[in-house]
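A.B. asks: Dumping the structure here so I can ask a few things about it.
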Amino acid sequence: FFSLFFLVSFCSIAVSHSFFICSQQKELTSKKRDEFEDILEERRLSSDLRYAMKCYTPVIYKGLSPCKPNAIKSAVLQSEQVQYVIKQLAKEMGESPDIIQEEAMEILDEMGHSMQLGAVRFFAFTLSKIFKQLFQRVCVNEEGMQRLQHAIQEHPVVLLPSHRSYVDFLMLSYLLYTYDLALPVIAAGIDFLGMKIVGELLRRAGAFFMRRSFGGNRLYWAVFSEYVKTMLRSGYAPIEFFLEGTRSRTAKTLTPKFGLLSIVMEPFLKREVFDTYLVPISISYERILEESLYAYELLGVPKPKESTSGLLKARRILSDNFGTIHIYVGQPVSLRTLASGRINRCPYNLVPRHLPQKPSEDIQEFVSDVAYKMELLQIENMVLSPWVLVAAILLQNLPAMDFELLIEKTLWLKGLTQTFGGFIEWPDNLCARKAVLSGLTLHANIARLVDGHVVLNDKGLEDGAVGEIVFKRALAILMCATYRNQLLNVFVRPSLVAVALQMTRSFRKEEVYSCFSFLRDVFSDEFIFFPGISLKDFEEGCFLLTKCDAIQTSQQEIYPTDKGSVIVSFLSAMFKPFVEGYQLIFRYLSKETKEAFTEKQLIPGVRNFVFQLLEKGNTQCYEALSSDMQKNALAALVQLGAVKKKKIVETLLWDPATKFLNSLAGCFCLPLPFGFQSFSQGFDKQREQSCLFLIEGLLCVLE
Amino acid sequence: FYKASCLSSFRMQELLKWNGWGYNDSKFIFNKKGQAEFTGKRYRLGGMVLPTFKEWIEKTFGASLEHKTTSRASLNVNDVPPSIVNEEFLQDLRATKISYSQDAEDRVFRAHGHCLHEIFVLREGMFKRIPDIVVWPVCHEDVVKIVELACKHNLCIIPFGGGTSVSSALECPEEEKRTIVSLDTSQMNRILWIDEKNLTACVEAGIVGQDLEKQLAESGFCTGHEPDSMEFSSLGGWVATRASGMKKNIYGNIEDLVIHIKMVTPRGIVEKNCQVPRMSTGPDIHHFIMGSEGTLGVVTEVTIKIRPVPEYQKYGSVVFPNFERGVACLREVAKQRCAPASIRLVDNAQFQFGHALKPQVASIFTSFLDGLKKFYITKFKGFDPNILCVATLLFEGDREKVLQHEKQVYDIATKFGGLAAGEDNGQRGYMLTFVIAYIRDLGLDYYVIGESFETSVPWDRVLDLCRNVKERIVRECKEKGVQFAPLSTCRVTQTYDAGACVYFYFAFNYRGISDPIHVYEQIERAAREEILANGGSLSHHHGVGKLRKRWMKESISDVGLGMLRSVKEYVDPNNIFGNKNLL
């Protein structure tokens, strides 16, 4: 994808398509939300060159004393923090400090950005060209930009965008340039440096590079964290990184990584700065640039390594249409406010602040809470396109669905999503038919309209072998799921209540809650839950279901209303792929593996296992093929104590506790709910009892 | 800065304001021309016109001379809680021949220190609980008798020295049902002896700082202990609060000065068997007494180190381009252990504050020189007048050594970009210390309330702490609906090997706020939280009193608190010294 920049610098076509679905400015149904501006509109009207060469005097931090990127590097190298570690290492290894200092310098040179206005202008120009080609509109909430502008002046700012595509950070820098704000420095993976020229270009545009894993390397850790903190403390530039750590291949928010977050929180916790603002940013794509790459990757076809030549192949992307991007810049969150009354300040008062110190448990917990809170804010503000609704319905009605019914269902789901707090982009005067049609047009590679029916676009079905059919189908389903997935975190609380209602077959609140809480634990890596508030999540789920009249609750009981069974069924069907997928994975682990295994062995193992079942028609759960789901399930098992992690000579081994796994697999047998089919061949009373028993047992174990 | 007057007169309160700081005759006023003026002849500033002060007040606080509040003119005796003293005790007391009073004014005068809320109550309200009776012992034996009587009749004693507490230490606990006896030590004010061979003096604890220095000076000595309140505060009070003096770099803080303490407790008299420079006999019992804030007993006699009066004194000042450089310089001075008697670094806001107190200049020549100086610093040297900060210095000792010392300090300052800025600026800086408390009374007349507070902090956190606390105050004011940005300023006021003492002034215009004292207290509390979060101490020298009690546990740990409690329980099991400070 990255060679796109080069391509575009050759082609100076200033295309100004007007792909507008509706020329309405106001398009968000939810009243309290900010309004969006299309930043490409201006680009289509005026010269990109002039735009790239505009007078750029960004708003900066009020306490900033300007300095060059190299001055930061030498400040880092001379800092007490880094010097301390250098001396420490020199003593331990019996080396001269100079040699280690040299090493530190090399690390800094590898990592450091060298932001230059020239490179920024180059990007401003080329990205204008590219974005106009690729996207119909890039919509931004201007109020968010104003809040950000204010925040940048007041305190050091950390930008925390969601990560769905490589476009994310390019787009964000582009946006800040457009609004005359200080450009962020961006934590990027070291793999980008593999791309010779692009890597250097990114470096000049403000990217700094971190190795993927450096847990054991104290020097690297010291240099890296000090580098980030120095930039933060001086207010040099907003710091940007992805809480999710990597692009989510499924468009579902990934569980947060804590390393970088704890680094940027430290200056405040040590009171080296008065406050730090964390700004959650939600970037949503009507159509994700990498959608098919992701699907391949999830199915085990390896991701192509970033290379400049690989980019020429990506050229055809330029002629494609990727719809609208929505960027919602959230309310800056004051770290000071979050920390007030929570953090015991003693550990930092009794040790010199430059000594490397493992954060106390309190602080680790705090960092984790902040990370989850930020991701939940990202989710809350994520704009959902009508196509997301269509995809969710389509996946429950494979292989084909009546077009009129689809429209009707889409409208219905729109209402439900809004009840649950989803942020849908749906212009006031846009009729459902148009919305669905335009979604189908944009996503013609996934589904199409044939004879009044919408069918999944798994071409080549007829002429391939069985395996190939399964693969093609899986590809289409996973791509489609990428869009449905955007709904899941909005739906997860009420839906898990619905699933629990069906699993327990009981109306007793306590039992339903036990089951809910169990599911929440099992899916803790799959969906984003704020740690430790199971009951609150349950209550929220119940509240939302009550709000849409799906259930009624009393002090002791929960029961679906007559009208509500449709909703309850729909919600559990929405999460069925996960319940079934996990069950398959658990089954594989308990039946097919006897000894410890590595992740590299597990993933192909499960994949083959599921693949065979699919070929035989013994399951319809294509999503179990997704390596993402497999990894999440494994992580959940580790947390539940069903699988143990061992480290033997740099390899991670997982050791299954078979008995426990068996019971887990059992737990996951869904009773046949009202309307939909389950792969399990039936459900008898006895099994239901044992299932309940197991859940309770598990809960005891967990407590 | 002050002309000593004997404060030991029996009715010292007649010389002092009943509802504000200091002497009746000394105060800031706006004269007929609307210019600020300081009245009286006690201070160097007395009778001088301060032409820029009014503008500074208006600019800094958004205050206006048209909006005035006035204190009630005198105490309304009818509001004062009645004195409830049992007759048997009175009979016993009369038998001792110790003077006492149940007069309302006497009792109210000893019911408070000088916290903002206390002064505010005096001006506009009335304390819920005040002492029932005031006694004036004249010697150690009198105190022994009073404490015995208090034990016999189960009364509560609150020792009272100079009444300059700023920690609510003198406030009577509202829920105290027993008779509260205010034990005023002011009549125990004699120097008992001077030992020139060992350079010590034994002094009764009620003596006030300025009297002590004046009387010692007659013999050619001084203690060198000069807390900002020294005009009014007493030796016993210094011991009870762990006081610190401006010139501690030469003379030491109270704990360095004290050789021997005699204290009367309900359990008996506590003292040592000898007067030696140091002893290894378990934990030093002096350290239970110093900082006990009147919870254990009454300090009656103190043997204190004395020094010959220094031959020569010289003020000085240095301008730094910014606060960071100034702190770095002070740190270096401390590192080289060459701090002069006093060295203080005021931030820009406080520099401007000091500037506003510049009296009208007498001649065109001086004003021309001033202009030239300003031109040199701001234009030629490029210092930003809104960023620069000033260090004030006080050297003391042999003339020759002072000059040598001065050079050493200025050389260090030069390395940190400092420029010598003359004696006059230095002197004015120290003057501010003594008149600032008077300024608060002026502010109160114009809807401006303020207070100072202090802390100590390791060197590496000084800058962060100063910045964060000032910012916190500004932010809290905004959140609490204060309409004008507050004055939030600090100075690094003492240096040590391992850290510094930082002093904050904080004031704001409260027009438009219905409960200014409550708002003020919330902000002060937030500022203290901020200090603690930044690795600062609960107090460097003001003490804990009742104002900062809530943070004691986190300051010294549960066990530490338990240690103090067990001492209290042994020494005073019936809580005769029931002022409820500290613990």
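Ligands are numbered from 1 in the order shown, residues from 1 within each chain, and chains are lettered A, B, ... in the order they appear in the structure tokens.
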Using only C-alpha atoms and a distance of at most 12 Å, pull out the residues of chain A that contact chain B, as a PyMOL selection string.
C.D. replies: chain A and resi 63+80+154-155+233+267-275+336+339-354
A.B. asks: I'd like a table as JSON lines: residues in range 381-472 of chain B with an atom no more than 10 Å from range 120-136 of chain B, each row giving the shortest atom pair and its distance in Å to one decimal, only C-alpha atoms counted, sorted by chain and rising residue number.
C.D. replies:
```
{"residue": "B:Asp441", "atom": "CA", "partner": "B:Phe120", "partner_atom": "CA", "distance": 10.0}
{"residue": "B:Leu444", "atom": "CA", "partner": "B:Phe120", "partner_atom": "CA", "distance": 8.4}
{"residue": "B:Ile449", "atom": "CA", "partner": "B:Phe120", "partner_atom": "CA", "distance": 9.2}
```
A.B. asks: Would you list the contacts of range 495-511 of chain B as a PyMOL selection string, taking every protein, DNA or RNA residue within 7 Å and counting only C-alpha atoms, but skipping same-chain residues closer than 5 positions in sequence?
C.D. replies: chain B and resi 61+63+334-335+447-459+482+484+486-490+516+540
A.B. asks: Take CA of Val198 in chain A and CA of Lys73 in chain A and report the distance between them in Å, one decimal.
C.D. replies: 21.9 Å
A.B. asks: Check the DSSP output for the backbone and give back, as a PyMOL selection string, the residues of range 426-581 of chain A in helix (DSSP H, G or I).
C.D. replies: chain A and resi 432-442+466-504+509-522+534-547+564-581
A.B. asks: Determine, counting only C-alpha atoms, which protein, DNA and RNA residues have an atom within 8 Å of an atom of Tyr446 in chain B; residues of the same chain fewer than 6 positions away are not included. Present the result as a count of residues only.
C.D. replies: 6
A.B. asks: Excluding range 397-413 of chain A and residues on its chain fewer than 6 positions from it, collect all residues at most 8 Å away from it, counting only C-alpha atoms, and give them as a VMD selection string.
C.D. replies: chain A and resid 386 389 to 390 432 to 433 436 449 452 to 456
A.B. asks: Report, in Å to a single decimal, how far apart CA of Ile513 in chain B and CA of Lys478 in chain B are.
C.D. replies: 12.0 Å
A.B. asks: If we count only C-alpha atoms and set the cut-off at 7 Å, which residues sit around Gln187 in chain B, ignoring sequence neighbours fewer than 4 positions away in its own chain? Please answer as a PyMOL selection string.
C.D. replies: chain B and resi 8+136-138+206
